[in-house]
$ cat upload.csv   # CSV, C-alpha atoms
chain,number,residue,atom,x,y,z
A,1,MET,CA,14.5,32.5,-45.2
A,2,LYS,CA,15.3,35.9,-43.7
A,3,ALA,CA,11.6,36.7,-43.5
A,4,LEU,CA,10.9,33.4,-41.7
A,5,TRP,CA,13.6,34.2,-39.1
A,6,GLN,CA,12.2,37.6,-38.7
A,7,ARG,CA,8.8,36.2,-38.0
A,8,LEU,CA,10.1,33.7,-35.5
A,9,LEU,CA,12.1,36.4,-33.8
A,10,GLY,CA,9.0,38.6,-33.7
A,11,GLY,CA,6.9,35.8,-32.3
A,12,LEU,CA,9.5,35.0,-29.6
A,13,THR,CA,9.7,38.7,-28.7
A,14,MET,CA,5.9,38.9,-28.4
A,15,PHE,CA,5.9,35.8,-26.2
A,16,VAL,CA,8.5,37.1,-23.9
A,17,GLU,CA,6.7,40.4,-23.6
A,18,SER,CA,3.4,38.6,-22.9
A,19,VAL,CA,5.1,36.6,-20.1
A,20,ARG,CA,6.6,39.8,-18.6
A,21,MET,CA,3.3,41.6,-18.6
A,22,SER,CA,1.5,38.5,-17.1
A,23,VAL,CA,4.1,38.4,-14.3
A,24,ALA,CA,3.7,42.1,-13.7
A,25,ASN,CA,-0.1,41.8,-13.5
A,26,ILE,CA,0.2,38.9,-11.0
A,27,THR,CA,2.5,40.8,-8.8
A,28,GLN,CA,0.4,43.9,-8.9
A,29,ASN,CA,-2.6,42.0,-7.5
A,30,ARG,CA,-0.8,40.0,-4.9
A,31,LEU,CA,-3.6,39.1,-2.6
A,32,ARG,CA,-6.0,38.1,-5.3
A,33,SER,CA,-3.3,36.1,-7.1
A,34,PHE,CA,-2.4,34.3,-3.8
A,35,LEU,CA,-6.0,33.3,-3.2
A,36,THR,CA,-6.2,32.0,-6.7
A,37,ILE,CA,-3.0,30.1,-6.4
A,38,LEU,CA,-4.1,28.7,-3.0
A,39,GLY,CA,-6.9,26.7,-4.6
A,40,ILE,CA,-4.6,25.0,-7.0
A,41,MET,CA,-1.9,24.5,-4.4
A,42,ILE,CA,-4.3,22.8,-2.0
A,43,GLY,CA,-5.6,20.5,-4.8
A,44,VAL,CA,-2.2,19.4,-5.9
A,45,THR,CA,-1.0,18.9,-2.3
A,46,ALA,CA,-4.0,16.6,-1.7
A,47,VAL,CA,-3.4,14.6,-4.8
A,48,ILE,CA,0.4,14.2,-4.3
A,49,ALA,CA,0.0,13.4,-0.5
A,50,LEU,CA,-2.8,10.8,-1.0
A,51,ILE,CA,-1.3,9.0,-3.9
A,52,THR,CA,2.3,9.0,-2.5
A,53,THR,CA,1.1,7.8,0.9
A,54,VAL,CA,-1.0,5.0,-0.6
A,55,SER,CA,2.1,4.0,-2.7
A,56,GLY,CA,4.2,3.9,0.5
A,57,VAL,CA,1.6,1.7,2.2
A,58,SER,CA,1.6,-0.6,-0.9
A,59,THR,CA,5.4,-0.9,-0.8
A,60,SER,CA,5.3,-1.7,2.9
A,61,ILE,CA,2.7,-4.4,2.3
A,62,SER,CA,4.7,-5.9,-0.6
A,63,ASP,CA,7.8,-6.0,1.6
A,64,SER,CA,5.8,-7.7,4.4
A,65,PHE,CA,4.6,-10.4,2.0
A,66,THR,CA,8.2,-10.8,0.7
A,67,SER,CA,9.5,-11.2,4.3
A,68,MET,CA,6.7,-13.7,5.0
A,69,GLY,CA,7.7,-15.7,2.0
A,70,ALA,CA,6.1,-14.7,-1.3
A,71,GLY,CA,6.0,-18.0,-3.2
A,72,THR,CA,4.6,-19.9,-0.3
A,73,MET,CA,1.1,-21.4,-0.4
A,74,SER,CA,-1.5,-22.4,2.1
A,75,VAL,CA,-3.5,-25.5,1.8
A,76,ALA,CA,-6.9,-25.9,3.7
A,77,VAL,CA,-8.2,-29.5,3.6
A,78,THR,CA,-11.8,-30.5,4.1
A,79,GLY,CA,-11.2,-34.1,2.8
A,80,ASN,CA,-13.9,-36.6,2.1
A,81,ASP,CA,-15.6,-39.5,3.9
A,82,LEU,CA,-12.5,-41.7,3.5
A,83,GLN,CA,-9.9,-39.2,4.7
A,84,ALA,CA,-10.7,-35.9,6.4
A,85,GLY,CA,-7.2,-34.5,6.5
A,86,LEU,CA,-3.4,-35.2,6.1
A,87,THR,CA,-1.3,-37.7,7.9
A,88,GLY,CA,2.3,-37.4,8.8
A,89,ASP,CA,3.2,-39.6,5.8
A,90,ASN,CA,1.2,-37.2,3.5
A,91,LEU,CA,3.2,-34.3,4.8
A,92,GLU,CA,6.4,-36.1,4.0
A,93,GLN,CA,5.2,-36.9,0.5
A,94,ILE,CA,4.3,-33.3,-0.1
A,95,THR,CA,7.7,-32.2,1.2
A,96,ALA,CA,9.3,-34.6,-1.4
A,97,LEU,CA,7.6,-32.8,-4.3
A,98,SER,CA,10.0,-31.0,-6.7
A,99,HIS,CA,10.9,-27.4,-5.6
A,100,VAL,CA,9.2,-27.8,-2.2
A,101,THR,CA,11.7,-26.9,0.6
A,102,GLY,CA,9.4,-27.9,3.4
A,103,VAL,CA,5.9,-27.8,4.9
A,104,ILE,CA,4.6,-26.4,8.2
A,105,PRO,CA,1.4,-28.0,9.6
A,106,GLY,CA,-1.1,-25.7,11.1
A,107,VAL,CA,-2.7,-27.1,14.2
A,108,ALA,CA,-4.3,-24.6,16.6
A,109,ALA,CA,-6.1,-25.0,19.9
A,110,THR,CA,-7.3,-22.9,22.8
A,111,VAL,CA,-6.1,-24.5,26.1
A,112,SER,CA,-6.1,-23.9,29.8
A,113,VAL,CA,-2.7,-23.3,31.4
A,114,ALA,CA,-1.8,-23.5,35.1
A,115,ARG,CA,1.3,-23.3,37.3
A,116,GLY,CA,1.0,-23.0,41.0
A,117,ASP,CA,-1.6,-20.4,41.9
A,118,ALA,CA,-1.6,-18.9,38.3
A,119,TYR,CA,-4.3,-20.1,36.0
A,120,GLU,CA,-5.6,-19.0,32.5
A,121,SER,CA,-8.5,-20.7,30.8
A,122,GLU,CA,-8.1,-19.5,27.3
A,123,ILE,CA,-4.6,-19.3,25.8
A,124,SER,CA,-3.7,-19.8,22.2
A,125,LEU,CA,-1.6,-22.9,21.4
A,126,ALA,CA,-0.1,-23.9,18.0
A,127,GLY,CA,1.4,-27.1,16.8
A,128,LYS,CA,4.5,-26.8,14.7
A,129,ASN,CA,7.3,-28.9,13.2
A,130,PRO,CA,11.0,-28.4,13.2
A,131,PHE,CA,10.9,-26.8,9.7
A,132,TYR,CA,8.9,-23.9,11.2
A,133,PHE,CA,11.9,-22.8,13.2
A,134,SER,CA,14.1,-22.7,10.0
A,135,THR,CA,11.8,-20.0,8.5
A,136,THR,CA,11.9,-17.5,11.3
A,137,GLU,CA,14.1,-16.5,14.2
A,138,ALA,CA,11.4,-17.5,16.6
A,139,VAL,CA,13.4,-18.6,19.6
A,140,ALA,CA,15.0,-16.2,22.0
A,141,ARG,CA,16.3,-18.7,24.5
A,142,GLY,CA,16.4,-22.5,24.8
A,143,ARG,CA,16.0,-25.0,22.0
A,144,THR,CA,13.6,-25.6,19.1
A,145,LEU,CA,11.5,-28.7,18.4
A,146,ASN,CA,13.1,-31.7,16.8
A,147,PRO,CA,12.0,-34.8,14.9
A,148,ILE,CA,12.1,-36.9,18.0
A,149,ASP,CA,9.5,-34.5,19.6
A,150,MET,CA,7.3,-35.1,16.6
A,151,ASP,CA,7.6,-38.9,16.6
A,152,ASP,CA,7.0,-39.2,20.3
A,153,ALA,CA,4.3,-36.5,20.5
A,154,ALA,CA,6.5,-35.2,23.3
A,155,ARG,CA,5.0,-32.9,26.0
A,156,VAL,CA,7.4,-30.1,25.5
A,157,CYS,CA,6.6,-26.5,24.7
A,158,LEU,CA,8.0,-23.1,23.9
A,159,ILE,CA,6.2,-20.1,25.4
A,160,ASP,CA,6.1,-16.4,24.6
A,161,SER,CA,7.2,-13.5,26.8
A,162,ASP,CA,3.7,-12.8,28.1
A,163,THR,CA,3.3,-16.3,29.3
A,164,VAL,CA,6.7,-16.1,31.0
A,165,ALA,CA,5.7,-13.0,32.8
A,166,GLU,CA,2.4,-14.5,33.9
A,167,PHE,CA,3.6,-17.9,35.0
A,168,PHE,CA,7.3,-17.6,35.6
A,169,TYR,CA,7.8,-14.1,37.1
A,170,GLY,CA,11.3,-13.9,38.4
A,171,VAL,CA,12.0,-17.5,37.5
A,172,ASP,CA,14.0,-18.9,34.5
A,173,PRO,CA,11.3,-20.9,32.7
A,174,ILE,CA,13.7,-23.2,30.8
A,175,GLY,CA,13.3,-26.8,32.2
A,176,GLN,CA,10.3,-25.8,34.4
A,177,THR,CA,6.9,-27.6,34.3
A,178,LEU,CA,3.7,-26.0,32.9
A,179,TYR,CA,0.3,-27.7,33.0
A,180,ILE,CA,-1.6,-27.5,29.8
A,181,ASN,CA,-5.1,-28.9,29.9
A,182,SER,CA,-4.0,-30.6,33.2
A,183,GLN,CA,-1.1,-32.4,31.5
A,184,SER,CA,2.5,-31.6,32.5
A,185,PHE,CA,4.7,-30.0,29.8
A,186,THR,CA,8.4,-29.1,30.0
A,187,VAL,CA,9.3,-25.7,28.9
A,188,VAL,CA,12.2,-26.0,26.5
A,189,GLY,CA,12.4,-22.5,25.0
A,190,VAL,CA,11.2,-18.9,25.1
A,191,LEU,CA,9.8,-17.4,21.9
A,192,ALA,CA,11.2,-14.1,20.5
A,193,ASP,CA,8.9,-11.2,19.6
A,194,VAL,CA,9.1,-11.5,15.8
A,195,GLY,CA,6.7,-10.7,12.9
A,196,GLN,CA,3.8,-13.0,12.4
A,197,SER,CA,3.0,-15.1,9.4
A,198,ILE,CA,-0.1,-14.3,7.4
A,199,THR,CA,-2.0,-17.1,9.1
A,200,GLU,CA,-1.1,-15.8,12.5
A,201,MET,CA,-2.0,-12.3,11.5
A,202,VAL,CA,-5.5,-13.5,10.8
A,203,SER,CA,-6.0,-16.0,13.6
A,204,GLY,CA,-4.0,-14.2,16.3
A,205,SER,CA,-0.5,-14.7,17.8
A,206,ASN,CA,0.4,-18.0,19.5
A,207,ALA,CA,1.4,-17.9,23.2
A,208,ILE,CA,2.5,-21.5,23.3
A,209,ILE,CA,4.1,-23.8,20.6
A,210,VAL,CA,4.2,-27.6,21.0
A,211,PRO,CA,4.9,-30.4,18.5
A,212,TYR,CA,2.1,-30.6,16.0
A,213,THR,CA,1.5,-34.3,16.9
A,214,THR,CA,1.1,-33.3,20.5
A,215,ALA,CA,-1.3,-30.4,19.5
A,216,LEU,CA,-3.4,-32.9,17.5
A,217,LYS,CA,-3.9,-35.0,20.7
A,218,LEU,CA,-4.7,-31.9,22.8
A,219,SER,CA,-7.3,-30.7,20.2
A,220,GLY,CA,-8.8,-34.2,19.9
A,221,ALA,CA,-7.9,-34.4,16.2
A,222,ARG,CA,-6.1,-37.1,14.3
A,223,LEU,CA,-5.3,-35.4,11.0
A,224,VAL,CA,-3.9,-32.1,9.9
A,225,THR,CA,-6.3,-29.9,8.0
A,226,SER,CA,-4.1,-26.9,7.3
A,227,VAL,CA,-0.6,-26.7,6.0
A,228,THR,CA,1.8,-24.1,4.6
A,229,VAL,CA,4.0,-25.2,1.7
A,230,TYR,CA,7.3,-23.4,1.1
A,231,VAL,CA,8.7,-23.2,-2.4
A,232,ASP,CA,12.4,-22.8,-3.3
A,233,GLY,CA,11.6,-19.8,-5.5
A,234,ALA,CA,8.6,-17.6,-6.5
A,235,ALA,CA,9.2,-18.7,-10.1
A,236,ALA,CA,8.4,-22.3,-9.3
A,237,SER,CA,5.1,-21.5,-7.5
A,238,GLN,CA,2.9,-22.5,-10.5
A,239,THR,CA,4.9,-25.8,-11.0
A,240,VAL,CA,4.5,-26.7,-7.3
A,241,GLN,CA,0.8,-25.7,-7.3
A,242,THR,CA,0.1,-28.0,-10.2
A,243,ALA,CA,2.1,-30.9,-8.6
A,244,LEU,CA,0.3,-30.3,-5.3
A,245,GLU,CA,-3.1,-30.3,-7.0
A,246,ASN,CA,-2.3,-33.6,-8.7
A,247,TYR,CA,-1.2,-35.2,-5.5
A,248,LEU,CA,-4.3,-34.0,-3.5
A,249,ASP,CA,-6.7,-34.9,-6.3
A,250,ALA,CA,-5.3,-38.5,-6.2
A,251,LEU,CA,-5.3,-38.6,-2.4
A,252,PHE,CA,-9.0,-37.5,-2.2
A,253,SER,CA,-10.2,-39.7,-5.1
A,254,TYR,CA,-10.6,-36.7,-7.4
A,255,GLU,CA,-13.6,-35.4,-5.5
A,256,ASP,CA,-14.5,-31.7,-5.7
A,257,ASP,CA,-14.2,-29.3,-2.9
A,258,THR,CA,-11.9,-31.4,-0.8
A,259,TYR,CA,-9.1,-28.8,-0.5
A,260,GLU,CA,-8.3,-25.2,-1.3
A,261,ILE,CA,-4.9,-23.8,-2.2
A,262,THR,CA,-4.2,-20.1,-1.6
A,263,THR,CA,-0.9,-18.7,-2.8
A,264,MET,CA,0.8,-15.6,-1.3
A,265,ASP,CA,1.3,-14.3,-4.8
A,266,SER,CA,-2.5,-14.2,-5.4
A,267,ILE,CA,-3.1,-12.5,-2.1
A,268,GLN,CA,-0.4,-9.9,-2.9
A,269,GLU,CA,-1.9,-9.3,-6.3
A,270,THR,CA,-5.4,-8.8,-4.7
A,271,MET,CA,-3.9,-6.4,-2.2
A,272,ASP,CA,-2.1,-4.5,-4.9
A,273,SER,CA,-5.3,-4.3,-7.0
A,274,MET,CA,-7.3,-3.0,-4.0
A,275,LEU,CA,-4.6,-0.4,-3.2
A,276,SER,CA,-4.5,0.8,-6.8
A,277,MET,CA,-8.3,1.2,-6.8
A,278,MET,CA,-8.1,3.1,-3.5
A,279,SER,CA,-5.3,5.3,-4.9
A,280,ALA,CA,-7.3,6.1,-8.0
A,281,LEU,CA,-10.4,6.8,-5.9
A,282,LEU,CA,-8.6,9.1,-3.4
A,283,GLY,CA,-6.8,10.8,-6.3
A,284,GLY,CA,-10.1,11.4,-8.0
A,285,ILE,CA,-11.7,12.9,-4.9
A,286,ALA,CA,-8.6,15.1,-4.3
A,287,SER,CA,-8.8,16.3,-7.9
A,288,ILE,CA,-12.1,17.9,-7.2
A,289,SER,CA,-10.3,20.6,-5.3
A,290,LEU,CA,-8.2,21.2,-8.5
A,291,ILE,CA,-11.4,21.8,-10.4
A,292,VAL,CA,-12.5,24.2,-7.7
A,293,GLY,CA,-9.1,26.0,-8.0
A,294,GLY,CA,-9.6,26.1,-11.8
A,295,ILE,CA,-13.0,27.8,-11.3
A,296,GLY,CA,-11.2,30.3,-9.1
A,297,ILE,CA,-8.7,31.0,-11.9
A,298,MET,CA,-11.5,31.6,-14.4
A,299,ASN,CA,-13.2,33.9,-12.0
A,300,MET,CA,-10.1,36.0,-11.5
A,301,MET,CA,-9.3,36.1,-15.2
A,302,LEU,CA,-12.8,37.2,-16.0
A,303,THR,CA,-12.5,39.9,-13.4
A,304,SER,CA,-9.1,40.9,-14.8
A,305,VAL,CA,-10.6,41.2,-18.3
A,306,THR,CA,-13.3,43.5,-17.0
A,307,GLU,CA,-10.8,45.7,-15.1
A,308,ARG,CA,-8.4,45.8,-18.1
A,309,THR,CA,-11.0,46.6,-20.8
A,310,VAL,CA,-9.4,50.0,-21.5
A,311,GLU,CA,-5.9,48.4,-21.7
A,312,ILE,CA,-7.2,45.8,-24.2
A,313,GLY,CA,-8.9,48.5,-26.3
A,314,LEU,CA,-5.7,50.5,-26.5
A,315,LYS,CA,-3.7,47.5,-27.5
A,316,LYS,CA,-6.1,46.6,-30.3
A,317,ALA,CA,-6.3,50.3,-31.4
A,318,ILE,CA,-2.5,50.3,-32.0
A,319,GLY,CA,-2.6,47.1,-33.9
A,320,ALA,CA,-2.5,44.2,-31.5
A,321,GLU,CA,-4.1,41.1,-33.0
A,322,PRO,CA,-6.8,39.0,-31.1
A,323,ALA,CA,-4.4,36.1,-31.0
A,324,GLN,CA,-1.8,38.2,-29.1
A,325,ILE,CA,-4.4,39.3,-26.5
A,326,GLN,CA,-5.6,35.7,-26.1
A,327,ILE,CA,-2.1,34.4,-25.6
A,328,GLN,CA,-1.3,37.0,-23.0
A,329,PHE,CA,-4.3,36.0,-20.8
A,330,LEU,CA,-3.7,32.3,-21.4
A,331,ILE,CA,-0.1,32.7,-20.2
A,332,GLU,CA,-1.3,34.6,-17.1
A,333,ALA,CA,-3.8,31.8,-16.2
A,334,PHE,CA,-1.1,29.2,-17.0
A,335,LEU,CA,1.4,30.9,-14.7
A,336,LEU,CA,-1.0,31.2,-11.8
A,337,SER,CA,-1.9,27.5,-12.1
A,338,MET,CA,1.7,26.3,-12.4
A,339,ILE,CA,2.9,28.4,-9.5
A,340,GLY,CA,0.2,26.7,-7.3
A,341,GLY,CA,1.1,23.3,-8.8
A,342,VAL,CA,4.8,23.5,-8.1
A,343,ILE,CA,4.3,24.7,-4.5
A,344,GLY,CA,1.6,22.0,-4.1
A,345,VAL,CA,4.0,19.3,-5.3
A,346,GLY,CA,6.6,20.4,-2.7
A,347,LEU,CA,4.0,20.5,0.1
A,348,GLY,CA,2.4,17.2,-1.0
A,349,ILE,CA,5.8,15.4,-0.9
A,350,ALA,CA,6.5,16.8,2.6
A,351,LEU,CA,3.1,15.9,3.9
A,352,SER,CA,3.2,12.4,2.5
A,353,ALA,CA,6.7,11.9,4.1
A,354,VAL,CA,5.2,13.0,7.5
A,355,LEU,CA,2.2,10.7,7.1
A,356,CYS,CA,4.3,7.7,6.1
A,357,LYS,CA,6.6,8.2,9.1
A,358,ALA,CA,3.6,8.6,11.4
A,359,MET,CA,2.1,5.3,10.1
A,360,GLY,CA,5.4,3.5,10.1
A,361,THR,CA,5.3,2.8,6.3
A,362,THR,CA,7.9,3.1,3.6
A,363,PHE,CA,8.0,6.6,2.0
A,364,THR,CA,8.2,6.1,-1.8
A,365,LEU,CA,8.4,9.1,-4.0
A,366,SER,CA,5.8,8.7,-6.8
A,367,TYR,CA,7.0,10.4,-10.0
A,368,GLY,CA,3.7,9.5,-11.6
A,369,ALA,CA,1.8,11.4,-8.9
A,370,ILE,CA,4.2,14.4,-9.4
A,371,ALA,CA,3.6,14.3,-13.2
A,372,LEU,CA,-0.1,14.0,-12.6
A,373,GLY,CA,-0.2,17.0,-10.3
A,374,VAL,CA,1.9,19.2,-12.5
A,375,GLY,CA,0.1,18.1,-15.7
A,376,PHE,CA,-3.3,18.6,-14.1
A,377,SER,CA,-2.2,22.1,-13.0
A,378,ALA,CA,-1.2,23.0,-16.5
A,379,ALA,CA,-4.4,21.6,-17.9
A,380,VAL,CA,-6.5,23.5,-15.4
A,381,GLY,CA,-4.7,26.8,-16.2
A,382,ILE,CA,-5.3,26.3,-20.0
A,383,VAL,CA,-8.8,25.0,-19.8
A,384,PHE,CA,-10.2,27.5,-17.3
A,385,GLY,CA,-8.2,30.4,-18.7
A,386,TRP,CA,-9.4,29.8,-22.2
A,387,SER,CA,-12.8,31.4,-21.8
A,388,PRO,CA,-11.6,34.7,-20.3
A,389,ALA,CA,-8.8,34.9,-22.8
A,390,ARG,CA,-11.3,34.3,-25.6
A,391,LYS,CA,-13.5,37.0,-24.2
A,392,ALA,CA,-10.6,39.4,-24.0
A,393,SER,CA,-9.5,38.7,-27.6
A,394,ASN,CA,-13.0,39.3,-29.0
A,395,LEU,CA,-13.5,42.6,-27.1
A,396,SER,CA,-14.3,45.4,-29.5
A,397,PRO,CA,-11.7,48.3,-29.3
A,398,ILE,CA,-14.4,50.9,-29.9
A,399,ASP,CA,-16.5,49.6,-27.0
A,400,ALA,CA,-13.4,49.4,-24.8
A,401,LEU,CA,-12.3,53.0,-25.6
A,402,ARG,CA,-15.7,54.3,-24.8
A,403,ARG,CA,-15.1,53.4,-21.1
A,404,MET,CA,-12.1,55.8,-20.9
$ encode --input "upload.csv" --output "structure tokens"
Amino acid sequence: MKALWQRLLGGLTMFVESVRMSVANITQNRLRSFLTILGIMIGVTAVIALITTVSGVSTSISDSFTSMGAGTMSVAVTGNDLQAGLTGDNLEQITALSHVTGVIPGVAATVSVARGDAYESEISLAGKNPFYFSTTEAVARGRTLNPIDMDDAARVCLIDSDTVAEFFYGVDPIGQTLYINSQSFTVVGVLADVGQSITEMVSGSNAIIVPYTTALKLSGARLVTSVTVYVDGAAASQTVQTALENYLDALFSYEDDTYEITTMDSIQETMDSMLSMMSALLGGIASISLIVGGIGIMNMMLTSVTERTVEIGLKKAIGAEPAQIQIQFLIEAFLLSMIGGVIGVGLGIALSAVLCKAMGTTFTLSYGAIALGVGFSAAVGIVFGWSPARKASNLSPIDALRRM
């Protein structure tokens, strides 16, 4: 037992001495060591910054989907020869499905707008129902649409701030008349500048909102072909989707390709998958610089072995074993790599924080990226330091001493 403890103590003493000598050699060759560390530092900085930034973008996108209502689903209807869309009764029946809190019909049109001498030929108009205004703080002033507006296909509208500036400069628009496609509409509200839904992000923002029944008349349509269904919880999405599919199948006589349902959850999963692939790709590209840094470590260590040939020969001549020589050079390569890795982690986190702030995304510290950067640094030091260390350990003491 005593002999075992002595061996352990001797091994620890040898390890500590090897670390001390490695540190001394690194500090004696400051410029060369710095240039070697720089390669690893740049590689780790790139890996940490890219992965952490992509992670922050992913978090921001997830938050956006949540705010837009993860658990909602969009229905695009093509219909059949008997029915090419959804009626108001159909919308009420869908609203009555279990776990459905409401539906928002999507009716869009491009219209001409005039008031006095002001005229615009192409302005985006959307038809909505009262439930739409319960899902977003869309109205800055005035009132929202109500069920009576829907039933009467009333010619009332809400307009955004740009439309106010163009047609009602210096005038309170509430209660004023605006001509849409040559028909008089009463302005009942002004829209607030709020975030757009996923549909509006794709199709563009809406300058004017009118009752969806009115929008159908303006667009020359009779039926709704697009609707957003809101679910009372993301957990019930699958249940609602199944019930909605059963309803639409029966409505369109079980014909194929009469409708398409897209859930926000599936869109978010697709986005997360794409971002994960992008993160892996960018991380792989950035890792190339780590390999370059590893080659730099190998080059420095091979140079160090050549310069310290006499030192190695003397150590072997007084009894140093090849394993001790090899461990010393491995420790030196490992320290060089880890110093660059630790500095790179700090710089990568700082750079990603700056990038996230510049892009307006959420900064999320990725511990996985940090572990990857540090682990890769350690691996690079060991892998690329192995060959020089092996060369040093196999050096013949006689050949080494001949160079004295």
$ closest_residue --input "upload.csv" --among "A:Ser304, A:Ser226, A:Asn25, A:Thr36" --to "Leu91 in chain A" --atoms "all atoms listed in the file"
A:Ser226
$ atom_distance --input "upload.csv" --atom1 "CA of Val354 in chain A" --atom2 "CA of Ile42 in chain A"
16.6 Å
$ closest_residue --input "upload.csv" --among "A:Ala153, A:Thr262, A:Asn29, A:Gly116" --to "Gln238 in chain A" --atoms "all atoms listed in the file"
A:Thr262
$ closest_residue --input "upload.csv" --among "A:Leu355, A:Ile343, A:Ala323, A:Leu86" --to "Thr225 in chain A" --atoms "only C-alpha atoms"
A:Leu86
$ closest_residue --input "upload.csv" --among "A:Ser352, A:Asn299, A:Asn90, A:Thr72" --to "Phe252 in chain A" --atoms "all atoms listed in the file"
A:Asn90
$ closest_residue --input "upload.csv" --among "A:Ser377, A:Thr163, A:Ser273, A:Ser253" --to "Gly344 in chain A" --atoms "all atoms listed in the file"
A:Ser377
$ closest_residue --input "upload.csv" --among "A:Ile349, A:Ala76, A:Leu302, A:Ala165" --to "Thr263 in chain A" --atoms "all atoms listed in the file"
A:Ala76
$ atom_distance --input "upload.csv" --atom1 "CA of Ala207 in chain A" --atom2 "CA of Val103 in chain A"
21.3 Å
$ residues_around --input "upload.csv" --residues "Thr144 in chain A" --least-positions-apart "3" --cutoff "8 Å" --atoms "only C-alpha atoms" --output "count of residues only"
6
$ residues_around --input "upload.csv" --residues "Asp117 in chain A" --least-positions-apart "6" --cutoff "12 Å" --atoms "all atoms listed in the file" --output "ChimeraX atom specification"
/A:166-168,178-179
$ residues_around --input "upload.csv" --residues "Gly294 in chain A" --least-positions-apart "5" --cutoff "8 Å" --atoms "all atoms listed in the file" --output "PyMOL selection string"
chain A and resi 39-40+337+380-381+384
$ residues_near_point --input "upload.csv" --point "(-3.1, 22.6, -15.1)" --cutoff "12 Å" --atoms "all atoms listed in the file" --output "ChimeraX atom specification"
/A:37,39-41,43-44,287,290-291,293-295,297,330-331,333-342,344,371-386
$ residues_around --input "upload.csv" --residues "Val227 in chain A" --least-positions-apart "2" --cutoff "8 Å" --atoms "only C-alpha atoms" --output "PyMOL selection string"
chain A and resi 74-76+103-106+224-225+229
$ atom_distance --input "upload.csv" --atom1 "CA of Thr303 in chain A" --atom2 "CA of Val47 in chain A"
28.2 Å
$ decode --input "upload.csv" --residues "range 95-110 of chain A" --atoms "N, CA and C atoms" --output "CSV table (one decimal), in the first residue's frame"
chain,number,residue,atom,x,y,z
A,95,THR,N,-66.7,27.4,-35.5
A,95,THR,CA,-66.5,28.0,-34.2
A,95,THR,C,-67.1,27.2,-33.1
A,96,ALA,N,-68.2,26.5,-33.4
A,96,ALA,CA,-68.9,25.6,-32.4
A,96,ALA,C,-68.2,24.3,-32.1
A,97,LEU,N,-67.1,24.0,-32.9
A,97,LEU,CA,-66.4,22.8,-32.6
A,97,LEU,C,-65.7,22.9,-31.2
A,98,SER,N,-65.5,21.7,-30.6
A,98,SER,CA,-64.9,21.6,-29.3
A,98,SER,C,-63.5,22.2,-29.3
A,99,HIS,N,-63.1,23.0,-28.3
A,99,HIS,CA,-61.8,23.6,-28.1
A,99,HIS,C,-61.5,24.7,-29.1
A,100,VAL,N,-62.5,25.1,-30.0
A,100,VAL,CA,-62.3,26.2,-30.9
A,100,VAL,C,-62.8,27.5,-30.2
A,101,THR,N,-61.9,28.5,-30.0
A,101,THR,CA,-62.4,29.7,-29.4
A,101,THR,C,-62.9,30.8,-30.4
A,102,GLY,N,-62.6,30.6,-31.6
A,102,GLY,CA,-63.1,31.5,-32.6
A,102,GLY,C,-62.4,31.4,-33.9
A,103,VAL,N,-62.9,32.0,-35.0
A,103,VAL,CA,-62.3,31.9,-36.3
A,103,VAL,C,-62.2,33.3,-36.9
A,104,ILE,N,-61.3,33.5,-37.7
A,104,ILE,CA,-61.1,34.8,-38.4
A,104,ILE,C,-61.1,34.6,-39.9
A,105,PRO,N,-62.1,35.0,-40.6
A,105,PRO,CA,-62.0,34.8,-42.1
A,105,PRO,C,-61.0,35.8,-42.7
A,106,GLY,N,-60.4,35.3,-43.8
A,106,GLY,CA,-59.4,36.1,-44.4
A,106,GLY,C,-59.8,36.4,-45.8
A,107,VAL,N,-60.3,37.7,-46.0
A,107,VAL,CA,-60.7,38.2,-47.3
A,107,VAL,C,-59.9,39.4,-47.6
A,108,ALA,N,-59.2,39.4,-48.7
A,108,ALA,CA,-58.3,40.4,-49.1
A,108,ALA,C,-58.6,41.0,-50.4
A,109,ALA,N,-58.4,42.3,-50.6
A,109,ALA,CA,-58.6,42.9,-51.9
A,109,ALA,C,-57.7,44.1,-52.1
A,110,THR,N,-57.5,44.4,-53.3
A,110,THR,CA,-56.7,45.7,-53.6
A,110,THR,C,-57.7,46.7,-54.2
